[in-house]
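Structure data (PDB, C-alpha atoms, pLDDT in the B column) from data28.pdb:
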```
MODEL        1
ATOM      1  CA  ALA U1436      51.365   9.617   9.564  1.00 48.00           C
ATOM      2  CA  SER U1437      48.443  11.924   8.968  1.00 57.00           C
ATOM      3  CA  VAL U1438      45.618  10.910   6.685  1.00 65.00           C
ATOM      4  CA  GLU U1439      46.484  13.839   4.416  1.00 66.00           C
ATOM      5  CA  VAL U1440      50.039  12.612   3.942  1.00 66.00           C
ATOM      6  CA  VAL U1441      48.850   9.082   3.163  1.00 71.00           C
ATOM      7  CA  LEU U1442      46.301  10.390   0.654  1.00 72.00           C
ATOM      8  CA  PHE U1443      48.942  12.533  -1.035  1.00 67.00           C
ATOM      9  CA  GLY U1444      51.393   9.662  -1.289  1.00 70.00           C
ATOM     10  CA  ALA U1445      48.756   7.184  -2.439  1.00 74.00           C
ATOM     11  CA  CYS U1446      47.479   9.496  -5.177  1.00 75.00           C
ATOM     12  CA  ASN U1447      50.985  10.004  -6.529  1.00 74.00           C
ATOM     13  CA  LEU U1448      51.954   6.324  -6.356  1.00 77.00           C
ATOM     14  CA  LEU U1449      48.833   4.697  -7.738  1.00 80.00           C
ATOM     15  CA  ALA U1450      48.613   6.101 -11.283  1.00 78.00           C
ATOM     16  CA  PRO U1451      52.193   5.211 -12.361  1.00 79.00           C
ATOM     17  CA  PHE U1452      51.935   1.675 -10.994  1.00 80.00           C
ATOM     18  CA  LEU U1453      48.549   1.044 -12.600  1.00 81.00           C
ATOM     19  CA  GLU U1454      50.182   1.648 -15.983  1.00 77.00           C
ATOM     20  CA  THR U1455      52.705  -1.152 -15.373  1.00 74.00           C
ATOM     21  CA  SER U1456      52.624  -4.825 -14.440  1.00 75.00           C
ATOM     22  CA  PHE U1457      53.503  -3.850 -10.857  1.00 80.00           C
ATOM     23  CA  ALA U1458      50.098  -2.601  -9.746  1.00 85.00           C
ATOM     24  CA  TRP U1459      50.364  -4.925  -6.742  1.00 90.00           C
ATOM     25  CA  LEU U1460      53.424  -2.947  -5.642  1.00 89.00           C
ATOM     26  CA  TYR U1461      51.122  -0.084  -4.639  1.00 89.00           C
ATOM     27  CA  PHE U1462      49.517  -2.196  -1.922  1.00 92.00           C
ATOM     28  CA  ALA U1463      52.825  -3.793  -0.946  1.00 91.00           C
ATOM     29  CA  LEU U1464      54.400  -0.374  -0.328  1.00 88.00           C
ATOM     30  CA  ILE U1465      51.347   0.843   1.572  1.00 90.00           C
ATOM     31  CA  GLY U1466      51.561  -2.326   3.665  1.00 91.00           C
ATOM     32  CA  ILE U1467      55.237  -1.672   4.403  1.00 89.00           C
ATOM     33  CA  LEU U1468      54.403   1.896   5.445  1.00 87.00           C
ATOM     34  CA  ALA U1469      51.610   0.645   7.716  1.00 90.00           C
ATOM     35  CA  PHE U1470      54.029  -1.944   9.147  1.00 91.00           C
ATOM     36  CA  ALA U1471      56.637   0.718   9.961  1.00 87.00           C
ATOM     37  CA  ILE U1472      54.164   3.221  11.415  1.00 87.00           C
ATOM     38  CA  GLY U1473      52.419   0.505  13.408  1.00 89.00           C
ATOM     39  CA  ILE U1474      55.652  -0.638  15.014  1.00 89.00           C
ATOM     40  CA  LEU U1475      56.944   2.855  15.722  1.00 84.00           C
ATOM     41  CA  GLY U1476      53.588   3.886  17.127  1.00 84.00           C
ATOM     42  CA  THR U1477      53.128   0.972  19.514  1.00 86.00           C
ATOM     43  CA  VAL U1478      56.521  -0.487  20.434  1.00 84.00           C
ATOM     44  CA  PHE U1479      57.019   1.772  23.471  1.00 81.00           C
ATOM     45  CA  THR U1480      53.469   1.151  24.665  1.00 83.00           C
ATOM     46  CA  THR U1481      53.991  -2.586  24.238  1.00 83.00           C
ATOM     47  CA  GLN U1482      57.246  -2.433  26.170  1.00 80.00           C
ATOM     48  CA  SER U1483      55.625  -0.622  29.097  1.00 78.00           C
ATOM     49  CA  GLN U1484      52.320  -2.532  29.158  1.00 78.00           C
ATOM     50  CA  MET U1485      53.663  -6.031  28.586  1.00 76.00           C
ATOM     51  CA  TYR U1486      57.042  -6.025  30.313  1.00 74.00           C
ATOM     52  CA  GLU U1487      56.991  -3.173  32.838  1.00 71.00           C
ATOM     53  CA  ALA U1488      53.361  -3.007  33.967  1.00 66.00           C
ATOM     54  CA  LYS U1489      53.265  -1.952  37.614  1.00 67.00           C
ATOM     55  CA  ASP U1490      50.103  -3.886  38.384  1.00 64.00           C
ATOM     56  CA  ASN U1491      51.438  -7.339  37.427  1.00 62.00           C
ATOM     57  CA  GLU U1492      51.967  -8.494  41.004  1.00 63.00           C
ATOM     58  CA  MET U1493      48.537  -7.270  42.081  1.00 69.00           C
ATOM     59  CA  LEU U1494      46.808  -9.022  39.177  1.00 65.00           C
ATOM     60  CA  LEU U1495      48.728 -12.257  39.743  1.00 62.00           C
ATOM     61  CA  ALA U1496      47.629 -12.220  43.381  1.00 66.00           C
ATOM     62  CA  MET U1497      43.999 -12.182  42.270  1.00 71.00           C
ATOM     63  CA  PRO U1498      42.061 -15.307  41.209  1.00 69.00           C
ATOM     64  CA  ILE U1499      42.755 -14.569  37.536  1.00 72.00           C
ATOM     65  CA  LYS U1500      44.605 -16.965  35.290  1.00 77.00           C
ATOM     66  CA  PRO U1501      47.909 -15.581  33.910  1.00 70.00           C
ATOM     67  CA  PHE U1502      46.693 -16.485  30.424  1.00 70.00           C
ATOM     68  CA  HIS U1503      43.707 -14.171  30.797  1.00 74.00           C
ATOM     69  CA  ILE U1504      45.941 -11.328  32.002  1.00 75.00           C
ATOM     70  CA  ILE U1505      48.290 -11.707  29.052  1.00 79.00           C
ATOM     71  CA  PHE U1506      45.411 -12.132  26.615  1.00 81.00           C
ATOM     72  CA  SER U1507      43.713  -8.931  27.786  1.00 84.00           C
ATOM     73  CA  ARG U1508      46.950  -6.959  27.420  1.00 84.00           C
ATOM     74  CA  VAL U1509      47.693  -8.366  23.973  1.00 87.00           C
ATOM     75  CA  LEU U1510      44.117  -7.699  22.856  1.00 90.00           C
ATOM     76  CA  ALA U1511      44.310  -4.060  23.975  1.00 89.00           C
ATOM     77  CA  LEU U1512      47.639  -3.624  22.201  1.00 91.00           C
ATOM     78  CA  TYR U1513      46.276  -5.323  19.089  1.00 93.00           C
ATOM     79  CA  ILE U1514      43.371  -2.873  18.955  1.00 94.00           C
ATOM     80  CA  LEU U1515      45.868  -0.002  19.177  1.00 93.00           C
ATOM     81  CA  THR U1516      47.966  -1.545  16.409  1.00 93.00           C
ATOM     82  CA  LEU U1517      44.852  -2.061  14.305  1.00 95.00           C
ATOM     83  CA  ALA U1518      44.032   1.640  14.649  1.00 93.00           C
ATOM     84  CA  PHE U1519      47.486   2.642  13.382  1.00 91.00           C
ATOM     85  CA  THR U1520      47.269   0.159  10.514  1.00 93.00           C
ATOM     86  CA  ALA U1521      43.791   1.302   9.505  1.00 94.00           C
ATOM     87  CA  CYS U1522      44.899   4.952   9.473  1.00 90.00           C
ATOM     88  CA  ILE U1523      47.356   4.042   6.701  1.00 89.00           C
ATOM     89  CA  MET U1524      45.518   1.316   4.832  1.00 92.00           C
ATOM     90  CA  LEU U1525      42.005   2.752   4.669  1.00 93.00           C
ATOM     91  CA  PRO U1526      42.915   6.042   2.929  1.00 91.00           C
ATOM     92  CA  ALA U1527      45.097   4.111   0.455  1.00 90.00           C
ATOM     93  CA  GLY U1528      42.264   1.689  -0.241  1.00 92.00           C
ATOM     94  CA  LEU U1529      39.872   4.603  -0.739  1.00 92.00           C
ATOM     95  CA  VAL U1530      42.217   6.157  -3.317  1.00 90.00           C
ATOM     96  CA  TYR U1531      42.425   2.845  -5.201  1.00 92.00           C
ATOM     97  CA  GLY U1532      38.674   2.295  -5.080  1.00 91.00           C
ATOM     98  CA  LEU U1533      37.896   5.776  -6.380  1.00 89.00           C
ATOM     99  CA  GLU U1534      40.373   5.338  -9.228  1.00 88.00           C
ATOM    100  CA  VAL U1535      39.674   1.734 -10.252  1.00 89.00           C
ATOM    101  CA  GLY U1536      36.291   1.049  -8.694  1.00 89.00           C
ATOM    102  CA  PHE U1537      35.031  -0.807  -5.642  1.00 91.00           C
ATOM    103  CA  SER U1538      33.890  -4.416  -5.689  1.00 93.00           C
ATOM    104  CA  VAL U1539      32.632  -6.709  -2.966  1.00 94.00           C
ATOM    105  CA  LYS U1540      35.670  -8.956  -3.453  1.00 94.00           C
ATOM    106  CA  PHE U1541      38.164  -6.089  -3.174  1.00 94.00           C
ATOM    107  CA  VAL U1542      36.511  -4.559  -0.117  1.00 95.00           C
ATOM    108  CA  GLY U1543      36.271  -7.921   1.643  1.00 96.00           C
ATOM    109  CA  ILE U1544      39.867  -8.949   0.973  1.00 96.00           C
ATOM    110  CA  TYR U1545      41.180  -5.504   1.800  1.00 96.00           C
ATOM    111  CA  LEU U1546      39.410  -5.194   5.143  1.00 96.00           C
ATOM    112  CA  VAL U1547      40.441  -8.690   6.229  1.00 97.00           C
ATOM    113  CA  SER U1548      44.014  -7.932   5.136  1.00 97.00           C
ATOM    114  CA  ILE U1549      44.087  -4.955   7.499  1.00 96.00           C
ATOM    115  CA  PHE U1550      43.277  -7.252  10.424  1.00 97.00           C
ATOM    116  CA  LEU U1551      45.835  -9.813   9.233  1.00 97.00           C
ATOM    117  CA  LEU U1552      48.607  -7.264   8.758  1.00 96.00           C
ATOM    118  CA  SER U1553      47.911  -5.958  12.261  1.00 96.00           C
ATOM    119  CA  MET U1554      48.561  -9.483  13.585  1.00 96.00           C
ATOM    120  CA  ILE U1555      52.018  -9.493  11.996  1.00 95.00           C
ATOM    121  CA  ILE U1556      52.771  -6.013  13.309  1.00 94.00           C
ATOM    122  CA  GLN U1557      51.661  -6.906  16.837  1.00 93.00           C
ATOM    123  CA  THR U1558      53.818 -10.035  16.863  1.00 93.00           C
ATOM    124  CA  ILE U1559      56.926  -8.116  15.793  1.00 92.00           C
ATOM    125  CA  THR U1560      56.094  -5.313  18.220  1.00 91.00           C
ATOM    126  CA  CYS U1561      55.936  -7.762  21.137  1.00 89.00           C
ATOM    127  CA  LEU U1562      59.377  -9.092  20.211  1.00 90.00           C
ATOM    128  CA  LEU U1563      60.816  -5.594  19.825  1.00 88.00           C
ATOM    129  CA  GLY U1564      59.161  -4.526  23.066  1.00 85.00           C
ATOM    130  CA  TRP U1565      60.897  -7.382  24.872  1.00 85.00           C
ATOM    131  CA  LEU U1566      64.209  -6.414  23.250  1.00 86.00           C
ATOM    132  CA  LEU U1567      63.700  -2.776  24.221  1.00 81.00           C
ATOM    133  CA  HIS U1568      62.927  -3.837  27.790  1.00 78.00           C
ATOM    134  CA  PHE U1569      66.139  -5.884  27.825  1.00 79.00           C
ATOM    135  CA  VAL U1570      68.196  -2.947  26.501  1.00 76.00           C
ATOM    136  CA  LEU U1571      66.660  -0.387  28.863  1.00 73.00           C
ATOM    137  CA  ALA U1572      67.258  -2.686  31.837  1.00 72.00           C
ATOM    138  CA  GLY U1573      70.948  -1.801  31.598  1.00 70.00           C
ATOM    139  CA  PHE U1574      70.316   1.922  32.092  1.00 70.00           C
ATOM    140  CA  LYS U1575      69.678   3.715  35.369  1.00 70.00           C
ATOM    141  CA  HIS U1576      67.477   6.420  33.825  1.00 68.00           C
ATOM    142  CA  LYS U1577      65.149   4.313  31.680  1.00 66.00           C
ATOM    143  CA  ALA U1578      62.624   7.088  31.048  1.00 69.00           C
ATOM    144  CA  LEU U1579      65.323   9.418  29.752  1.00 75.00           C
ATOM    145  CA  VAL U1580      66.722   6.794  27.384  1.00 71.00           C
ATOM    146  CA  ALA U1581      63.239   5.877  26.151  1.00 69.00           C
ATOM    147  CA  THR U1582      62.524   9.557  25.505  1.00 76.00           C
ATOM    148  CA  PHE U1583      65.775   9.790  23.551  1.00 75.00           C
ATOM    149  CA  PHE U1584      64.761   6.840  21.363  1.00 73.00           C
ATOM    150  CA  MET U1585      61.310   8.352  20.796  1.00 73.00           C
ATOM    151  CA  THR U1586      62.907  11.665  19.791  1.00 79.00           C
ATOM    152  CA  ILE U1587      65.062   9.917  17.201  1.00 78.00           C
ATOM    153  CA  VAL U1588      61.979   8.210  15.786  1.00 68.00           C
ATOM    154  CA  MET U1589      60.075  11.497  15.537  1.00 72.00           C
ATOM    155  CA  VAL U1590      63.026  13.258  13.866  1.00 76.00           C
ATOM    156  CA  ALA U1591      63.302  10.427  11.319  1.00 70.00           C
ATOM    157  CA  TYR U1592      59.559  10.631  10.674  1.00 64.00           C
ATOM    158  CA  MET U1593      59.605  14.405  10.146  1.00 69.00           C
ATOM    159  CA  PHE U1594      62.609  14.094   7.835  1.00 67.00           C
ATOM    160  CA  SER U1595      60.760  11.488   5.761  1.00 62.00           C
ATOM    161  CA  ILE U1596      57.718  13.759   5.486  1.00 59.00           C
ATOM    162  CA  ASN U1597      59.878  16.655   4.314  1.00 63.00           C
ATOM    163  CA  GLN U1598      61.472  14.420   1.675  1.00 62.00           C
ATOM    164  CA  LEU U1599      58.183  12.800   0.648  1.00 56.00           C
ATOM    165  CA  GLU U1600      58.125  13.995  -2.959  1.00 60.00           C
ATOM    166  CA  GLY U1601      61.679  12.805  -3.563  1.00 68.00           C
ATOM    167  CA  LEU U1602      60.926   9.448  -1.954  1.00 67.00           C
ATOM    168  CA  LEU U1603      57.839   8.995  -4.118  1.00 65.00           C
ATOM    169  CA  MET U1604      59.801   9.797  -7.273  1.00 70.00           C
ATOM    170  CA  MET U1605      62.487   7.311  -6.289  1.00 72.00           C
ATOM    171  CA  LEU U1606      59.898   4.594  -5.700  1.00 74.00           C
ATOM    172  CA  ILE U1607      58.262   5.239  -9.068  1.00 69.00           C
ATOM    173  CA  GLN U1608      61.552   5.305 -10.993  1.00 76.00           C
ATOM    174  CA  ASN U1609      62.825   2.103  -9.385  1.00 76.00           C
ATOM    175  CA  GLY U1610      59.545   0.191  -9.272  1.00 73.00           C
ATOM    176  CA  GLY U1611      60.901  -2.887 -11.028  1.00 78.00           C
ATOM    177  CA  LYS U1612      63.887  -3.318  -8.724  1.00 85.00           C
ATOM    178  CA  ILE U1613      61.807  -2.650  -5.629  1.00 85.00           C
ATOM    179  CA  ALA U1614      59.162  -5.152  -6.743  1.00 85.00           C
ATOM    180  CA  GLU U1615      61.834  -7.813  -7.244  1.00 86.00           C
ATOM    181  CA  ALA U1616      63.363  -7.102  -3.830  1.00 88.00           C
ATOM    182  CA  ILE U1617      59.981  -7.282  -2.074  1.00 88.00           C
ATOM    183  CA  GLN U1618      59.103 -10.554  -3.775  1.00 86.00           C
ATOM    184  CA  SER U1619      62.484 -12.047  -2.847  1.00 87.00           C
ATOM    185  CA  PHE U1620      63.122 -10.748   0.670  1.00 88.00           C
ATOM    186  CA  VAL U1621      59.823  -9.650   2.222  1.00 90.00           C
ATOM    187  CA  TRP U1622      57.401 -12.122   0.675  1.00 93.00           C
ATOM    188  CA  PRO U1623      54.461 -11.349   3.023  1.00 94.00           C
ATOM    189  CA  PHE U1624      54.139  -7.892   1.494  1.00 94.00           C
ATOM    190  CA  TYR U1625      54.251  -9.360  -2.002  1.00 94.00           C
ATOM    191  CA  ALA U1626      51.445 -11.711  -0.973  1.00 96.00           C
ATOM    192  CA  LEU U1627      49.548  -8.770   0.523  1.00 96.00           C
ATOM    193  CA  GLY U1628      49.899  -6.782  -2.678  1.00 94.00           C
ATOM    194  CA  GLN U1629      48.770  -9.654  -4.887  1.00 95.00           C
ATOM    195  CA  ALA U1630      45.918 -10.480  -2.524  1.00 95.00           C
ATOM    196  CA  CYS U1631      44.597  -6.918  -2.706  1.00 94.00           C
ATOM    197  CA  MET U1632      44.682  -7.244  -6.494  1.00 93.00           C
ATOM    198  CA  GLY U1633      42.353 -10.242  -6.204  1.00 91.00           C
ATOM    199  CA  ASP U1634      44.744 -13.212  -6.108  1.00 94.00           C
ATOM    200  CA  MET U1635      42.937 -15.619  -3.779  1.00 95.00           C
ATOM    201  CA  VAL U1636      45.843 -18.050  -3.553  1.00 96.00           C
ATOM    202  CA  GLN U1637      48.190 -15.327  -2.281  1.00 95.00           C
ATOM    203  CA  PHE U1638      45.447 -14.105   0.036  1.00 96.00           C
ATOM    204  CA  LEU U1639      45.142 -17.544   1.622  1.00 97.00           C
ATOM    205  CA  TRP U1640      48.920 -17.801   1.991  1.00 96.00           C
ATOM    206  CA  PHE U1641      49.007 -14.344   3.574  1.00 96.00           C
ATOM    207  CA  MET U1642      46.205 -15.351   5.942  1.00 96.00           C
ATOM    208  CA  LEU U1643      47.990 -18.549   6.981  1.00 96.00           C
ATOM    209  CA  PHE U1644      51.243 -16.678   7.546  1.00 95.00           C
ATOM    210  CA  SER U1645      49.616 -13.887   9.587  1.00 95.00           C
ATOM    211  CA  VAL U1646      47.610 -16.217  11.814  1.00 94.00           C
ATOM    212  CA  GLY U1647      50.609 -18.518  12.170  1.00 93.00           C
ATOM    213  CA  VAL U1648      53.018 -15.856  13.436  1.00 91.00           C
ATOM    214  CA  PHE U1649      50.374 -14.311  15.691  1.00 88.00           C
ATOM    215  CA  ALA U1650      49.454 -17.639  17.251  1.00 73.00           C
TER     216      ALA U1650
ENDMDL
END
```

How does the structure come out when it is put into structure tokens?
Amino acid sequence: ASVEVVLFGACNLLAPFLETSFAWLYFALIGILAFAIGILGTVFTTQSQMYEAKDNEMLLAMPIKPFHIIFSRVLALYILTLAFTACIMLPAGLVYGLEVGFSVKFVGIYLVSIFLLSMIIQTITCLLGWLLHFVLAGFKHKALVATFFMTIVMVAYMFSINQLEGLLMMLIQNGGKIAEAIQSFVWPFYALGQACMGDMVQFLWFMLFSVGVFA
């Protein structure tokens, strides 16, 4: 997702939600978008670097602990995931700050939340990368199948961009139902949204959850 697209979507989402009791939904939806883009942007890299790295045998033959090898790979992938997450979250946070105003509390919570959300994304990406490795193991031409999957992802992304205005209108019109669904079924994003609005209790819960799943 380009920064321009995120800025356009954020500008159109923020004002309607600020006029309701679902202002937190703005950050929850941005978090969900960052989650989706982060996974789609790194799952194939995770699959190749973690489960099909060609230098595994060479590294294991060296006097390096397996933990250090895994840690270095996860750290590199986490930095990549963090970059994808920041590309979505930072423009959205800038739009909110320019509209409502910046505060030390908001900036602090928001920046930490970006790191925490990246932990969740990286954990899920590692699981999906393992699943993708398992699925591709059954095919003779793995590269061709992986390219096919990547093509589907890109087509879905381009379709979503072309339908962006309609998607934004749908989100605005059904804000109440979406807010209820997020709170009931994807609680971490509800906690993220409330945390970005200054709820310290939800921020602490979100922090505990993120660190817990990452660890």

Please build the interface table for segment 1441-1557 of chain U against segment 1604-1617 of chain U with a cut-off of 7 Å, listing for each qualifying residue the nearest atom pair and the distance in Å to one decimal; count all atoms listed in the file, order rows by chain and increasing number, and write it as a tab-separated table.
```
residue	atom	partner	partner_atom	distance
U:Leu1448	CA	U:Ile1607	CA	7.0
U:Pro1451	CA	U:Ile1607	CA	6.9
U:Leu1460	CA	U:Ala1614	CA	6.2
```

Can you translate the PyMOL selection byres ((chain U and resi 1553-1559) around 9) into the concrete residues it hits in this file, as a VMD selection string?
chain U and resid 1469 to 1471 1473 to 1474 1477 to 1478 1481 1509 1512 to 1514 1516 to 1521 1548 to 1552 1560 to 1564 1644 to 1646 1648 to 1650

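Between atom CA of Gln1637 of chain U and atom CA of Val1539 of chain U the interatomic distance comes to 17.8 Å.
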
Between atom CA of Met1485 of chain U and atom CA of Ile1505 of chain U lies a distance of 7.8 Å

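Our summary of the geometry notes that atom CA of Ala1591 of chain U is positioned 10.8 Å from atom CA of Leu1475 of chain U.
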
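Note on the selection: in this file the PyMOL selection byres ((chain U and resi 1531) around 10) comes out as U:Ala1445, U:Cys1446, U:Leu1449, U:Ala1450, U:Leu1453, U:Tyr1461, U:Phe1462, U:Leu1525, U:Pro1526, U:Ala1527, U:Gly1528, U:Leu1529, U:Val1530, U:Gly1532, U:Leu1533, U:Glu1534, U:Val1535, U:Gly1536, U:Phe1537.
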
Take the residues just selected and output them with C-alpha atoms as an mmCIF file, keeping the file's coordinate frame.
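Generated file (selection26.cif):
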```
data_model
loop_
_atom_site.group_PDB
_atom_site.id
_atom_site.type_symbol
_atom_site.label_atom_id
_atom_site.label_comp_id
_atom_site.auth_asym_id
_atom_site.auth_seq_id
_atom_site.Cartn_x
_atom_site.Cartn_y
_atom_site.Cartn_z
ATOM 1 C CA ALA U 1445 48.756 7.184 -2.439
ATOM 2 C CA CYS U 1446 47.479 9.496 -5.177
ATOM 3 C CA LEU U 1449 48.833 4.697 -7.738
ATOM 4 C CA ALA U 1450 48.613 6.101 -11.283
ATOM 5 C CA LEU U 1453 48.549 1.044 -12.600
ATOM 6 C CA TYR U 1461 51.122 -0.084 -4.639
ATOM 7 C CA PHE U 1462 49.517 -2.196 -1.922
ATOM 8 C CA LEU U 1525 42.005 2.752 4.669
ATOM 9 C CA PRO U 1526 42.915 6.042 2.929
ATOM 10 C CA ALA U 1527 45.097 4.111 0.455
ATOM 11 C CA GLY U 1528 42.264 1.689 -0.241
ATOM 12 C CA LEU U 1529 39.872 4.603 -0.739
ATOM 13 C CA VAL U 1530 42.217 6.157 -3.317
ATOM 14 C CA GLY U 1532 38.674 2.295 -5.080
ATOM 15 C CA LEU U 1533 37.896 5.776 -6.380
ATOM 16 C CA GLU U 1534 40.373 5.338 -9.228
ATOM 17 C CA VAL U 1535 39.674 1.734 -10.252
ATOM 18 C CA GLY U 1536 36.291 1.049 -8.694
ATOM 19 C CA PHE U 1537 35.031 -0.807 -5.642
#
```

Got a sec to check which residues sit within 8 Å of (51.6, -2.5, -2.4), counting all atoms listed in the file, and write them as a tab-separated table (two decimals) with C-alpha atoms, keeping the file's coordinate frame?
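The resulting file, part.tsv, is shown below:
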```
chain	number	residue	atom	x	y	z
U	1458	ALA	CA	50.10	-2.60	-9.75
U	1459	TRP	CA	50.36	-4.92	-6.74
U	1460	LEU	CA	53.42	-2.95	-5.64
U	1461	TYR	CA	51.12	-0.08	-4.64
U	1462	PHE	CA	49.52	-2.20	-1.92
U	1463	ALA	CA	52.82	-3.79	-0.95
U	1464	LEU	CA	54.40	-0.37	-0.33
U	1465	ILE	CA	51.35	0.84	1.57
U	1466	GLY	CA	51.56	-2.33	3.66
U	1467	ILE	CA	55.24	-1.67	4.40
U	1624	PHE	CA	54.14	-7.89	1.49
U	1625	TYR	CA	54.25	-9.36	-2.00
U	1627	LEU	CA	49.55	-8.77	0.52
U	1628	GLY	CA	49.90	-6.78	-2.68
```

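Ranking U:Phe1569, U:Phe1620, U:Phe1506, U:Phe1479 by their shortest atom-to-atom distance to Phe1583 of chain U, with only C-alpha atoms included, puts U:Phe1479 first.
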
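The closest residue to Val1542 of chain U, picked from U:Ile1472, U:Met1524, U:Leu1639, U:Ile1499 and counting only C-alpha atoms, is U:Met1524.
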
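Residue nearest His1568 of chain U within the list U:Val1580, U:Phe1641, U:Ile1544, U:Asp1634: U:Val1580 [criterion: smallest interatomic distance, only C-alpha atoms].
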
Counting all atoms listed in the file, the residue among U:Gly1647, U:Met1642, U:Gln1484, U:Val1590 that lies closest to Ala1511 of chain U is U:Gln1484
